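Shown below: final_37.csv, with CSV, N, CA and C atoms.
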chain,number,residue,atom,x,y,z
J,587,MET,N,0.8,-1.2,0.0
J,587,MET,CA,0.0,0.0,0.0
J,587,MET,C,0.9,1.2,0.0
J,588,GLU,N,0.5,2.2,-0.8
J,588,GLU,CA,1.3,3.4,-0.9
J,588,GLU,C,1.2,4.2,0.4
J,589,MET,N,2.3,5.0,0.7
J,589,MET,CA,2.3,5.8,1.9
J,589,MET,C,1.3,6.9,1.9
J,590,GLY,N,1.1,7.5,0.7
J,590,GLY,CA,0.1,8.6,0.6
J,590,GLY,C,-1.3,8.1,0.9
J,591,TYR,N,-1.6,6.9,0.4
J,591,TYR,CA,-2.9,6.3,0.6
J,591,TYR,C,-3.1,6.0,2.1
J,592,LYS,N,-2.1,5.5,2.7
J,592,LYS,CA,-2.2,5.2,4.2
J,592,LYS,C,-2.4,6.4,5.0
J,593,LEU,N,-1.8,7.5,4.6
J,593,LEU,CA,-2.0,8.8,5.4
J,593,LEU,C,-3.4,9.2,5.3
J,594,THR,N,-4.0,9.1,4.1
J,594,THR,CA,-5.4,9.5,3.9
J,594,THR,C,-6.4,8.7,4.7
J,595,ARG,N,-6.0,7.5,5.1
J,595,ARG,CA,-6.9,6.5,5.8
J,595,ARG,C,-7.0,6.9,7.3
J,596,PHE,N,-6.2,7.9,7.8
J,596,PHE,CA,-6.4,8.3,9.2
J,596,PHE,C,-7.7,8.9,9.5
J,597,TRP,N,-8.3,9.6,8.5
J,597,TRP,CA,-9.6,10.3,8.8
J,597,TRP,C,-10.7,9.7,7.9
J,598,LYS,N,-10.5,8.8,7.0
J,598,LYS,CA,-11.6,8.2,6.2
J,598,LYS,C,-12.0,6.9,6.8
J,599,ASP,N,-13.3,6.7,6.9
J,599,ASP,CA,-13.7,5.5,7.6
J,599,ASP,C,-14.4,4.5,6.7
J,600,GLY,N,-14.3,4.7,5.3
J,600,GLY,CA,-14.9,3.8,4.4
J,600,GLY,C,-14.2,3.7,3.1
J,601,GLU,N,-14.5,2.6,2.4
J,601,GLU,CA,-13.9,2.4,1.1
J,601,GLU,C,-14.9,1.7,0.2
J,602,GLU,N,-14.9,2.0,-1.1
J,602,GLU,CA,-15.8,1.4,-2.0
J,602,GLU,C,-15.2,1.1,-3.3
J,603,THR,N,-15.7,0.2,-4.0
J,603,THR,CA,-15.2,-0.1,-5.4
J,603,THR,C,-16.0,0.7,-6.4
J,604,ARG,N,-15.5,0.9,-7.6
J,604,ARG,CA,-16.2,1.6,-8.6
J,604,ARG,C,-15.5,1.2,-10.0
J,605,ASP,N,-16.2,1.5,-11.0
J,605,ASP,CA,-15.6,1.2,-12.4
J,605,ASP,C,-14.3,2.0,-12.7
J,606,HIS,N,-14.3,3.3,-12.4
J,606,HIS,CA,-13.2,4.1,-12.8
J,606,HIS,C,-12.5,4.6,-11.5
J,607,THR,N,-11.3,4.0,-11.3
J,607,THR,CA,-10.5,4.4,-10.1
J,607,THR,C,-9.1,4.0,-10.5
J,608,SER,N,-8.1,4.8,-10.0
J,608,SER,CA,-6.7,4.5,-10.3
J,608,SER,C,-6.1,3.4,-9.5
J,609,ILE,N,-6.9,2.9,-8.4
J,609,ILE,CA,-6.4,1.8,-7.6
J,609,ILE,C,-7.0,0.5,-8.1
J,610,GLU,N,-6.2,-0.4,-8.7
J,610,GLU,CA,-6.7,-1.6,-9.4
J,610,GLU,C,-7.5,-2.5,-8.4
J,611,GLU,N,-7.1,-2.6,-7.2
J,611,GLU,CA,-7.8,-3.4,-6.2
J,611,GLU,C,-9.2,-3.0,-5.9
J,612,LEU,N,-9.5,-1.7,-6.2
J,612,LEU,CA,-10.8,-1.1,-5.9
J,612,LEU,C,-11.7,-0.9,-7.2
J,613,GLN,N,-11.3,-1.6,-8.2
J,613,GLN,CA,-12.2,-1.5,-9.4
J,613,GLN,C,-13.2,-2.6,-9.4
J,614,THR,N,-14.4,-2.3,-9.9
J,614,THR,CA,-15.5,-3.2,-10.0
J,614,THR,C,-15.0,-4.4,-10.7
J,615,ARG,N,-15.4,-5.6,-10.2
J,615,ARG,CA,-15.0,-6.9,-10.9
J,615,ARG,C,-16.2,-7.4,-11.7
J,616,TYR,N,-15.9,-8.0,-12.8
J,616,TYR,CA,-16.9,-8.7,-13.6
J,616,TYR,C,-16.6,-10.2,-13.7
J,617,TYR,N,-17.6,-11.0,-13.5
J,617,TYR,CA,-17.3,-12.5,-13.6
J,617,TYR,C,-18.3,-13.1,-14.5
J,618,ARG,N,-17.9,-14.2,-15.1
J,618,ARG,CA,-18.8,-15.1,-15.9
J,618,ARG,C,-19.4,-16.1,-14.9
J,619,ALA,N,-20.6,-15.7,-14.4
J,619,ALA,CA,-21.3,-16.5,-13.4
J,619,ALA,C,-22.7,-16.0,-13.2
J,620,SER,N,-23.5,-16.7,-12.5
J,620,SER,CA,-24.8,-16.2,-12.2
J,620,SER,C,-24.8,-15.5,-10.9
J,621,GLN,N,-25.8,-14.7,-10.7
J,621,GLN,CA,-25.9,-13.9,-9.4
J,621,GLN,C,-26.0,-14.9,-8.2
J,622,LYS,N,-26.8,-15.9,-8.4
J,622,LYS,CA,-27.1,-16.9,-7.3
J,622,LYS,C,-25.8,-17.6,-6.9
J,623,ASP,N,-25.0,-18.0,-7.9
J,623,ASP,CA,-23.7,-18.7,-7.7
J,623,ASP,C,-22.8,-17.8,-6.9
J,624,VAL,N,-22.7,-16.6,-7.3
J,624,VAL,CA,-21.7,-15.7,-6.7
J,624,VAL,C,-22.2,-15.4,-5.2
J,625,LEU,N,-23.4,-15.2,-5.0
J,625,LEU,CA,-23.9,-14.9,-3.6
J,625,LEU,C,-23.7,-16.2,-2.7
J,626,GLN,N,-23.9,-17.4,-3.3
J,626,GLN,CA,-23.6,-18.6,-2.5
J,626,GLN,C,-22.1,-18.7,-2.2
J,627,SER,N,-21.3,-18.4,-3.1
J,627,SER,CA,-19.9,-18.5,-2.9
J,627,SER,C,-19.4,-17.5,-1.8
J,628,LEU,N,-20.0,-16.3,-1.9
J,628,LEU,CA,-19.7,-15.3,-0.9
J,628,LEU,C,-20.0,-15.7,0.5
J,629,GLU,N,-21.1,-16.4,0.7
J,629,GLU,CA,-21.5,-16.9,2.0
J,629,GLU,C,-20.4,-17.8,2.5
J,630,THR,N,-19.9,-18.7,1.7
J,630,THR,CA,-18.8,-19.6,2.1
J,630,THR,C,-17.6,-18.9,2.4
J,631,VAL,N,-17.2,-17.9,1.6
J,631,VAL,CA,-16.0,-17.1,1.8
J,631,VAL,C,-16.1,-16.4,3.2
J,632,VAL,N,-17.2,-15.8,3.5
J,632,VAL,CA,-17.3,-15.1,4.8
J,632,VAL,C,-17.1,-16.1,5.9
J,633,LYS,N,-17.7,-17.3,5.8
J,633,LYS,CA,-17.6,-18.3,6.9
J,633,LYS,C,-16.2,-18.7,7.1
J,634,LYS,N,-15.4,-18.9,6.0
J,634,LYS,CA,-14.1,-19.4,6.1
J,634,LYS,C,-13.0,-18.4,6.3
J,635,ASN,N,-13.1,-17.2,5.7
J,635,ASN,CA,-12.0,-16.3,5.6
J,635,ASN,C,-12.1,-15.0,6.4
J,636,ILE,N,-13.3,-14.6,6.8
J,636,ILE,CA,-13.6,-13.3,7.4
J,636,ILE,C,-14.2,-13.5,8.8
J,637,PRO,N,-13.6,-12.7,9.8
J,637,PRO,CA,-14.1,-12.9,11.1
J,637,PRO,C,-15.4,-12.1,11.3
J,638,GLY,N,-16.5,-12.6,10.7
J,638,GLY,CA,-17.7,-11.9,10.8
J,638,GLY,C,-18.9,-12.8,10.4
J,639,GLU,N,-20.0,-12.3,10.3
J,639,GLU,CA,-21.2,-13.1,9.9
J,639,GLU,C,-22.0,-12.4,8.9
J,640,VAL,N,-22.7,-13.2,8.1
J,640,VAL,CA,-23.7,-12.6,7.1
J,640,VAL,C,-24.9,-12.2,7.9
J,641,VAL,N,-25.3,-10.9,7.8
J,641,VAL,CA,-26.4,-10.4,8.5
J,641,VAL,C,-27.7,-10.6,7.6
J,642,SER,N,-27.6,-10.4,6.3
J,642,SER,CA,-28.7,-10.6,5.4
J,642,SER,C,-28.2,-10.8,4.0
J,643,VAL,N,-29.1,-11.6,3.3
J,643,VAL,CA,-28.8,-11.8,1.8
J,643,VAL,C,-30.2,-11.5,1.2
J,644,ASP,N,-30.2,-10.6,0.2
J,644,ASP,CA,-31.4,-10.3,-0.6
J,644,ASP,C,-31.1,-10.8,-2.0
J,645,GLN,N,-31.6,-12.0,-2.3
J,645,GLN,CA,-31.4,-12.6,-3.7
J,645,GLN,C,-32.0,-11.7,-4.8
J,646,GLU,N,-33.1,-11.1,-4.5
J,646,GLU,CA,-33.8,-10.3,-5.5
J,646,GLU,C,-32.9,-9.1,-5.9
J,647,ARG,N,-32.4,-8.4,-4.9
J,647,ARG,CA,-31.6,-7.2,-5.1
J,647,ARG,C,-30.1,-7.5,-5.4
J,648,GLY,N,-29.7,-8.8,-5.0
J,648,GLY,CA,-28.3,-9.2,-5.2
J,648,GLY,C,-27.4,-8.5,-4.2
J,649,GLU,N,-27.9,-8.4,-3.0
J,649,GLU,CA,-27.1,-7.7,-1.9
J,649,GLU,C,-26.9,-8.6,-0.7
J,650,MET,N,-25.7,-8.5,-0.2
J,650,MET,CA,-25.3,-9.2,1.0
J,650,MET,C,-24.7,-8.2,2.0
J,651,VAL,N,-25.2,-8.3,3.2
J,651,VAL,CA,-24.7,-7.4,4.3
J,651,VAL,C,-23.9,-8.3,5.3
J,652,ILE,N,-22.7,-7.8,5.6
J,652,ILE,CA,-21.8,-8.6,6.5
J,652,ILE,C,-21.4,-7.7,7.6
J,653,ASP,N,-21.4,-8.3,8.8
J,653,ASP,CA,-20.9,-7.6,10.0
J,653,ASP,C,-19.6,-8.2,10.4
J,654,ILE,N,-18.5,-7.5,10.4
J,654,ILE,CA,-17.2,-8.0,10.7
J,654,ILE,C,-16.7,-7.4,12.0
J,655,GLN,N,-16.1,-8.3,12.8
J,655,GLN,CA,-15.6,-7.9,14.1
J,655,GLN,C,-14.2,-8.4,14.2
J,656,GLU,N,-13.2,-7.4,14.3
J,656,GLU,CA,-11.8,-7.8,14.5
J,656,GLU,C,-11.3,-7.0,15.7
J,657,ARG,N,-11.0,-7.7,16.7
J,657,ARG,CA,-10.5,-7.0,18.0
J,657,ARG,C,-11.6,-6.0,18.4
J,658,SER,N,-11.3,-4.8,18.6
J,658,SER,CA,-12.2,-3.8,19.1
J,658,SER,C,-12.9,-3.1,17.9
J,659,ARG,N,-12.6,-3.4,16.7
J,659,ARG,CA,-13.1,-2.7,15.6
J,659,ARG,C,-14.3,-3.5,14.9
J,660,ARG,N,-15.3,-2.8,14.5
J,660,ARG,CA,-16.4,-3.4,13.8
J,660,ARG,C,-16.5,-2.7,12.4
J,661,TYR,N,-16.8,-3.6,11.5
J,661,TYR,CA,-16.9,-3.1,10.1
J,661,TYR,C,-18.2,-3.6,9.5
J,662,ASP,N,-18.8,-2.8,8.6
J,662,ASP,CA,-20.0,-3.2,7.9
J,662,ASP,C,-19.6,-3.2,6.4
J,663,MET,N,-20.0,-4.3,5.8
J,663,MET,CA,-19.7,-4.5,4.4
J,663,MET,C,-20.9,-4.9,3.6
J,664,VAL,N,-21.2,-4.2,2.5
J,664,VAL,CA,-22.3,-4.5,1.7
J,664,VAL,C,-21.7,-4.8,0.3
J,665,ILE,N,-22.1,-6.0,-0.1
J,665,ILE,CA,-21.6,-6.5,-1.4
J,665,ILE,C,-22.8,-6.6,-2.3
J,666,THR,N,-22.7,-6.0,-3.5
J,666,THR,CA,-23.8,-5.9,-4.5
J,666,THR,C,-23.4,-6.7,-5.7
J,667,VAL,N,-24.2,-7.7,-6.1
J,667,VAL,CA,-24.0,-8.5,-7.3
J,667,VAL,C,-25.1,-8.2,-8.3
J,668,VAL,N,-24.7,-7.6,-9.4
J,668,VAL,CA,-25.7,-7.1,-10.4
J,668,VAL,C,-25.5,-8.0,-11.7
J,669,THR,N,-26.6,-8.5,-12.2
J,669,THR,CA,-26.5,-9.3,-13.5
J,669,THR,C,-26.4,-8.3,-14.6
J,670,MET,N,-25.4,-8.5,-15.5
J,670,MET,CA,-25.2,-7.6,-16.6
J,670,MET,C,-25.8,-8.2,-17.9
J,671,GLU,N,-25.4,-9.4,-18.1
J,671,GLU,CA,-25.9,-10.2,-19.3
J,671,GLU,C,-26.1,-11.6,-18.8
J,672,PHE,N,-26.5,-12.5,-19.7
J,672,PHE,CA,-26.6,-13.9,-19.3
J,672,PHE,C,-25.3,-14.4,-18.8
J,673,ARG,N,-25.3,-14.9,-17.6
J,673,ARG,CA,-24.1,-15.5,-16.9
J,673,ARG,C,-23.0,-14.5,-16.8
J,674,GLU,N,-23.3,-13.2,-16.6
J,674,GLU,CA,-22.2,-12.2,-16.4
J,674,GLU,C,-22.7,-11.3,-15.3
J,675,VAL,N,-21.9,-11.1,-14.3
J,675,VAL,CA,-22.3,-10.2,-13.2
J,675,VAL,C,-21.2,-9.2,-12.9
J,676,ALA,N,-21.6,-8.1,-12.3
J,676,ALA,CA,-20.7,-7.1,-11.7
J,676,ALA,C,-20.8,-7.2,-10.2
J,677,VAL,N,-19.6,-7.1,-9.6
J,677,VAL,CA,-19.6,-7.2,-8.1
J,677,VAL,C,-18.9,-5.9,-7.6
J,678,ASP,N,-19.7,-5.2,-6.7
J,678,ASP,CA,-19.2,-4.0,-6.1
J,678,ASP,C,-19.3,-4.2,-4.6
J,679,VAL,N,-18.3,-3.5,-3.8
J,679,VAL,CA,-18.3,-3.7,-2.4
J,679,VAL,C,-18.1,-2.3,-1.8
J,680,VAL,N,-18.9,-2.1,-0.7
J,680,VAL,CA,-18.7,-0.9,0.2
J,680,VAL,C,-18.4,-1.4,1.6
J,681,SER,N,-17.3,-0.9,2.2
J,681,SER,CA,-17.0,-1.4,3.5
J,681,SER,C,-16.6,-0.1,4.4
J,682,THR,N,-17.2,-0.1,5.6
J,682,THR,CA,-16.9,1.0,6.5
J,682,THR,C,-16.6,0.5,7.9
J,683,VAL,N,-15.8,1.3,8.6
J,683,VAL,CA,-15.5,0.9,10.0
J,683,VAL,C,-16.6,1.6,10.8
J,684,ARG,N,-17.2,0.9,11.8
J,684,ARG,CA,-18.4,1.4,12.4
J,684,ARG,C,-18.1,2.3,13.7
J,685,ASN,N,-17.2,1.9,14.5
J,685,ASN,CA,-17.1,2.6,15.8
J,685,ASN,C,-15.9,3.5,16.0
J,686,ARG,N,-15.3,3.9,14.9
J,686,ARG,CA,-14.2,4.9,15.1
J,686,ARG,C,-13.9,5.5,13.7
J,687,LYS,N,-13.1,6.6,13.8
J,687,LYS,CA,-12.8,7.3,12.5
J,687,LYS,C,-11.4,6.8,12.1
J,688,GLY,N,-11.3,6.6,10.8
J,688,GLY,CA,-10.0,6.1,10.2
J,688,GLY,C,-9.9,4.6,10.2
J,689,ASP,N,-9.7,4.0,9.1
J,689,ASP,CA,-9.6,2.5,9.0
J,689,ASP,C,-8.2,2.0,8.8
J,690,LEU,N,-7.2,2.9,8.5
J,690,LEU,CA,-5.8,2.6,8.3
J,690,LEU,C,-5.6,1.6,7.2
J,691,GLY,N,-6.5,1.5,6.2
J,691,GLY,CA,-6.4,0.6,5.1
J,691,GLY,C,-7.1,-0.7,5.3
J,692,LYS,N,-7.7,-1.0,6.4
J,692,LYS,CA,-8.3,-2.3,6.7
J,692,LYS,C,-9.5,-2.6,5.7
J,693,ASN,N,-10.3,-1.6,5.4
J,693,ASN,CA,-11.4,-1.8,4.5
J,693,ASN,C,-10.9,-2.3,3.1
J,694,ARG,N,-9.8,-1.7,2.7
J,694,ARG,CA,-9.2,-2.1,1.4
J,694,ARG,C,-8.8,-3.6,1.5
J,695,GLN,N,-8.2,-4.0,2.6
J,695,GLN,CA,-7.8,-5.4,2.8
J,695,GLN,C,-9.0,-6.3,2.8
J,696,TRP,N,-10.1,-5.9,3.4
J,696,TRP,CA,-11.3,-6.8,3.4
J,696,TRP,C,-11.8,-6.9,2.0
J,697,ILE,N,-11.8,-5.8,1.2
J,697,ILE,CA,-12.3,-5.9,-0.2
J,697,ILE,C,-11.4,-6.8,-1.0
J,698,ALA,N,-10.1,-6.7,-0.8
J,698,ALA,CA,-9.1,-7.5,-1.5
J,698,ALA,C,-9.3,-9.0,-1.2
J,699,GLN,N,-9.7,-9.3,0.0
J,699,GLN,CA,-9.9,-10.7,0.4
J,699,GLN,C,-11.2,-11.2,-0.3
J,700,VAL,N,-12.2,-10.5,-0.3
J,700,VAL,CA,-13.5,-10.9,-1.0
J,700,VAL,C,-13.2,-11.1,-2.5
J,701,TYR,N,-12.6,-10.1,-3.1
J,701,TYR,CA,-12.3,-10.2,-4.6
J,701,TYR,C,-11.3,-11.4,-4.9
J,702,GLY,N,-10.3,-11.6,-4.0
J,702,GLY,CA,-9.4,-12.7,-4.2
J,702,GLY,C,-10.1,-14.0,-4.2
J,703,ALA,N,-11.0,-14.2,-3.3
J,703,ALA,CA,-11.8,-15.5,-3.2
J,703,ALA,C,-12.6,-15.7,-4.4
J,704,LEU,N,-13.3,-14.6,-4.9
J,704,LEU,CA,-14.1,-14.7,-6.1
J,704,LEU,C,-13.2,-14.9,-7.3
J,705,ASP,N,-12.1,-14.4,-7.4
J,705,ASP,CA,-11.2,-14.6,-8.5
J,705,ASP,C,-10.8,-16.1,-8.6
J,706,ARG,N,-10.6,-16.7,-7.5
J,706,ARG,CA,-10.2,-18.1,-7.4
J,706,ARG,C,-11.4,-19.0,-7.8
J,707,SER,N,-12.6,-18.5,-7.6
J,707,SER,CA,-13.8,-19.4,-7.8
J,707,SER,C,-14.5,-19.2,-9.2
J,708,PHE,N,-14.3,-18.0,-9.8
J,708,PHE,CA,-15.0,-17.7,-11.0
J,708,PHE,C,-14.1,-17.1,-12.1
J,709,GLU,N,-14.5,-17.3,-13.3
J,709,GLU,CA,-13.7,-16.7,-14.4
J,709,GLU,C,-14.0,-15.3,-14.5
J,710,ARG,N,-12.9,-14.5,-14.5
J,710,ARG,CA,-13.1,-13.0,-14.5
J,710,ARG,C,-13.2,-12.6,-16.0
J,711,LYS,N,-14.1,-11.6,-16.2
J,711,LYS,CA,-14.2,-11.0,-17.5
J,711,LYS,C,-13.4,-9.8,-17.5
J,712,GLN,N,-12.6,-9.6,-18.6
J,712,GLN,CA,-11.7,-8.5,-18.6
J,712,GLN,C,-12.3,-7.3,-19.3
Can I see the file as structure tokens?
Amino acid sequence: MEMGYKLTRFWKDGEETRDHTSIEELQTRYYRASQKDVLQSLETVVKKNIPGEVVSVDQERGEMVIDIQERSRRYDMVITVVTMEFREVAVDVVSTVRNRKGDLGKNRQWIAQVYGALDRSFERKQ
């Protein structure tokens, strides 16, 4: 992680992915999969790799809400899976620290973990 980026994280408490960003880790990911398959895979990823729990899954909207607790910090993560075409989805993530200001880059790490697991499970569309 770049030093300038880390310095900005002292007062920012959230991170989100988007289509157009200079940080490759935070770009929206596109996968060749169905919305249902991706949401099911995400539930498994959370149980195995993230110290948190799935609060809700809305299959219709393609949203999953996750409550993450690591030591004294709590994070809220919302993952949105949108169907673009037949068997093609876009995945965006919003992650925020709940009980303090500044995340010191931890939200970016949670997002990288989620995307890394999806990259291993599904074919990525470039």
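The coordinates place atom N of J:Tyr616 at 24.5 Å from atom CA of J:Val683.
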In chain J, DSSP strand (DSSP E or B) residues written as a ChimeraX atom specification: /J:600-602,604,613,615-618,638-644,649-656,659-671,674-683,709-710
Atom N of J:Asp644 to atom N of J:Arg618, straight-line distance in Å: 20.0 Å
Local residues around (-23.6, -8.5, 4.7), at most 8 Å away, using only C-alpha atoms, as a VMD selection string: chain J and resid 639 to 643 649 to 653 662 to 665
Atom pair atom N of J:Glu646 / atom C of J:Ala703: separation (Å): 21.0 Å
Polymer residues at most 7 Å from J:Gly600, all atoms listed in the file, same-chain spacing of 5 or more positions, as an MDAnalysis selection string: chainID J and resid 680:683 688:689 693:694
Closest of J:Arg673, J:Gln699, J:Lys687, J:Lys634 to J:Arg660 - atom-to-atom distances counting only C-alpha atoms: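 Comparing J:Arg673, J:Gln699, J:Lys687, J:Lys634 against J:Arg660, the winner is J:Lys687.
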Helix (DSSP H, G or I) positions in chain J, given as a PyMOL selection string: chain J and resi 589-594+610-612+621-635+692-707
Just the selected residues (N, CA and C atoms), exported as a CSV table (one decimal), in the coordinates of the input, please.
chain,number,residue,atom,x,y,z
J,589,MET,N,2.3,5.0,0.7
J,589,MET,CA,2.3,5.8,1.9
J,589,MET,C,1.3,6.9,1.9
J,590,GLY,N,1.1,7.5,0.7
J,590,GLY,CA,0.1,8.6,0.6
J,590,GLY,C,-1.3,8.1,0.9
J,591,TYR,N,-1.6,6.9,0.4
J,591,TYR,CA,-2.9,6.3,0.6
J,591,TYR,C,-3.1,6.0,2.1
J,592,LYS,N,-2.1,5.5,2.7
J,592,LYS,CA,-2.2,5.2,4.2
J,592,LYS,C,-2.4,6.4,5.0
J,593,LEU,N,-1.8,7.5,4.6
J,593,LEU,CA,-2.0,8.8,5.4
J,593,LEU,C,-3.4,9.2,5.3
J,594,THR,N,-4.0,9.1,4.1
J,594,THR,CA,-5.4,9.5,3.9
J,594,THR,C,-6.4,8.7,4.7
J,610,GLU,N,-6.2,-0.4,-8.7
J,610,GLU,CA,-6.7,-1.6,-9.4
J,610,GLU,C,-7.5,-2.5,-8.4
J,611,GLU,N,-7.1,-2.6,-7.2
J,611,GLU,CA,-7.8,-3.4,-6.2
J,611,GLU,C,-9.2,-3.0,-5.9
J,612,LEU,N,-9.5,-1.7,-6.2
J,612,LEU,CA,-10.8,-1.1,-5.9
J,612,LEU,C,-11.7,-0.9,-7.2
J,621,GLN,N,-25.8,-14.7,-10.7
J,621,GLN,CA,-25.9,-13.9,-9.4
J,621,GLN,C,-26.0,-14.9,-8.2
J,622,LYS,N,-26.8,-15.9,-8.4
J,622,LYS,CA,-27.1,-16.9,-7.3
J,622,LYS,C,-25.8,-17.6,-6.9
J,623,ASP,N,-25.0,-18.0,-7.9
J,623,ASP,CA,-23.7,-18.7,-7.7
J,623,ASP,C,-22.8,-17.8,-6.9
J,624,VAL,N,-22.7,-16.6,-7.3
J,624,VAL,CA,-21.7,-15.7,-6.7
J,624,VAL,C,-22.2,-15.4,-5.2
J,625,LEU,N,-23.4,-15.2,-5.0
J,625,LEU,CA,-23.9,-14.9,-3.6
J,625,LEU,C,-23.7,-16.2,-2.7
J,626,GLN,N,-23.9,-17.4,-3.3
J,626,GLN,CA,-23.6,-18.6,-2.5
J,626,GLN,C,-22.1,-18.7,-2.2
J,627,SER,N,-21.3,-18.4,-3.1
J,627,SER,CA,-19.9,-18.5,-2.9
J,627,SER,C,-19.4,-17.5,-1.8
J,628,LEU,N,-20.0,-16.3,-1.9
J,628,LEU,CA,-19.7,-15.3,-0.9
J,628,LEU,C,-20.0,-15.7,0.5
J,629,GLU,N,-21.1,-16.4,0.7
J,629,GLU,CA,-21.5,-16.9,2.0
J,629,GLU,C,-20.4,-17.8,2.5
J,630,THR,N,-19.9,-18.7,1.7
J,630,THR,CA,-18.8,-19.6,2.1
J,630,THR,C,-17.6,-18.9,2.4
J,631,VAL,N,-17.2,-17.9,1.6
J,631,VAL,CA,-16.0,-17.1,1.8
J,631,VAL,C,-16.1,-16.4,3.2
J,632,VAL,N,-17.2,-15.8,3.5
J,632,VAL,CA,-17.3,-15.1,4.8
J,632,VAL,C,-17.1,-16.1,5.9
J,633,LYS,N,-17.7,-17.3,5.8
J,633,LYS,CA,-17.6,-18.3,6.9
J,633,LYS,C,-16.2,-18.7,7.1
J,634,LYS,N,-15.4,-18.9,6.0
J,634,LYS,CA,-14.1,-19.4,6.1
J,634,LYS,C,-13.0,-18.4,6.3
J,635,ASN,N,-13.1,-17.2,5.7
J,635,ASN,CA,-12.0,-16.3,5.6
J,635,ASN,C,-12.1,-15.0,6.4
J,692,LYS,N,-7.7,-1.0,6.4
J,692,LYS,CA,-8.3,-2.3,6.7
J,692,LYS,C,-9.5,-2.6,5.7
J,693,ASN,N,-10.3,-1.6,5.4
J,693,ASN,CA,-11.4,-1.8,4.5
J,693,ASN,C,-10.9,-2.3,3.1
J,694,ARG,N,-9.8,-1.7,2.7
J,694,ARG,CA,-9.2,-2.1,1.4
J,694,ARG,C,-8.8,-3.6,1.5
J,695,GLN,N,-8.2,-4.0,2.6
J,695,GLN,CA,-7.8,-5.4,2.8
J,695,GLN,C,-9.0,-6.3,2.8
J,696,TRP,N,-10.1,-5.9,3.4
J,696,TRP,CA,-11.3,-6.8,3.4
J,696,TRP,C,-11.8,-6.9,2.0
J,697,ILE,N,-11.8,-5.8,1.2
J,697,ILE,CA,-12.3,-5.9,-0.2
J,697,ILE,C,-11.4,-6.8,-1.0
J,698,ALA,N,-10.1,-6.7,-0.8
J,698,ALA,CA,-9.1,-7.5,-1.5
J,698,ALA,C,-9.3,-9.0,-1.2
J,699,GLN,N,-9.7,-9.3,0.0
J,699,GLN,CA,-9.9,-10.7,0.4
J,699,GLN,C,-11.2,-11.2,-0.3
J,700,VAL,N,-12.2,-10.5,-0.3
J,700,VAL,CA,-13.5,-10.9,-1.0
J,700,VAL,C,-13.2,-11.1,-2.5
J,701,TYR,N,-12.6,-10.1,-3.1
J,701,TYR,CA,-12.3,-10.2,-4.6
J,701,TYR,C,-11.3,-11.4,-4.9
J,702,GLY,N,-10.3,-11.6,-4.0
J,702,GLY,CA,-9.4,-12.7,-4.2
J,702,GLY,C,-10.1,-14.0,-4.2
J,703,ALA,N,-11.0,-14.2,-3.3
J,703,ALA,CA,-11.8,-15.5,-3.2
J,703,ALA,C,-12.6,-15.7,-4.4
J,704,LEU,N,-13.3,-14.6,-4.9
J,704,LEU,CA,-14.1,-14.7,-6.1
J,704,LEU,C,-13.2,-14.9,-7.3
J,705,ASP,N,-12.1,-14.4,-7.4
J,705,ASP,CA,-11.2,-14.6,-8.5
J,705,ASP,C,-10.8,-16.1,-8.6
J,706,ARG,N,-10.6,-16.7,-7.5
J,706,ARG,CA,-10.2,-18.1,-7.4
J,706,ARG,C,-11.4,-19.0,-7.8
J,707,SER,N,-12.6,-18.5,-7.6
J,707,SER,CA,-13.8,-19.4,-7.8
J,707,SER,C,-14.5,-19.2,-9.2
Shell of 6 Å around J:Gln621, all atoms listed in the file, local chain residues under 4 positions omitted, as a PyMOL selection string: chain J and resi 625-626+667
Residue among J:His606, J:Val632, J:Ser620, J:Val700 lying closest to J:Val668, counting all atoms listed in the file: J:Ser620
Contacts of J:Glu674 at 6 Å (all atoms listed in the file; same-chain gap of 2+ positions) as a CSV table (one decimal) with N, CA and C atoms, in the frame of the given file:
chain,number,residue,atom,x,y,z
J,617,TYR,N,-17.6,-11.0,-13.5
J,617,TYR,CA,-17.3,-12.5,-13.6
J,617,TYR,C,-18.3,-13.1,-14.5
J,618,ARG,N,-17.9,-14.2,-15.1
J,618,ARG,CA,-18.8,-15.1,-15.9
J,618,ARG,C,-19.4,-16.1,-14.9
J,619,ALA,N,-20.6,-15.7,-14.4
J,619,ALA,CA,-21.3,-16.5,-13.4
J,619,ALA,C,-22.7,-16.0,-13.2
J,620,SER,N,-23.5,-16.7,-12.5
J,620,SER,CA,-24.8,-16.2,-12.2
J,620,SER,C,-24.8,-15.5,-10.9
J,668,VAL,N,-24.7,-7.6,-9.4
J,668,VAL,CA,-25.7,-7.1,-10.4
J,668,VAL,C,-25.5,-8.0,-11.7
J,669,THR,N,-26.6,-8.5,-12.2
J,669,THR,CA,-26.5,-9.3,-13.5
J,669,THR,C,-26.4,-8.3,-14.6
J,670,MET,N,-25.4,-8.5,-15.5
J,670,MET,CA,-25.2,-7.6,-16.6
J,670,MET,C,-25.8,-8.2,-17.9
J,671,GLU,N,-25.4,-9.4,-18.1
J,671,GLU,CA,-25.9,-10.2,-19.3
J,671,GLU,C,-26.1,-11.6,-18.8
J,672,PHE,N,-26.5,-12.5,-19.7
J,672,PHE,CA,-26.6,-13.9,-19.3
J,672,PHE,C,-25.3,-14.4,-18.8
J,676,ALA,N,-21.6,-8.1,-12.3
J,676,ALA,CA,-20.7,-7.1,-11.7
J,676,ALA,C,-20.8,-7.2,-10.2
For J:Arg710, the nearest of the candidates J:Lys598, J:Arg604, J:Arg615, J:Lys692, counting only N, CA and C atoms: J:Arg615
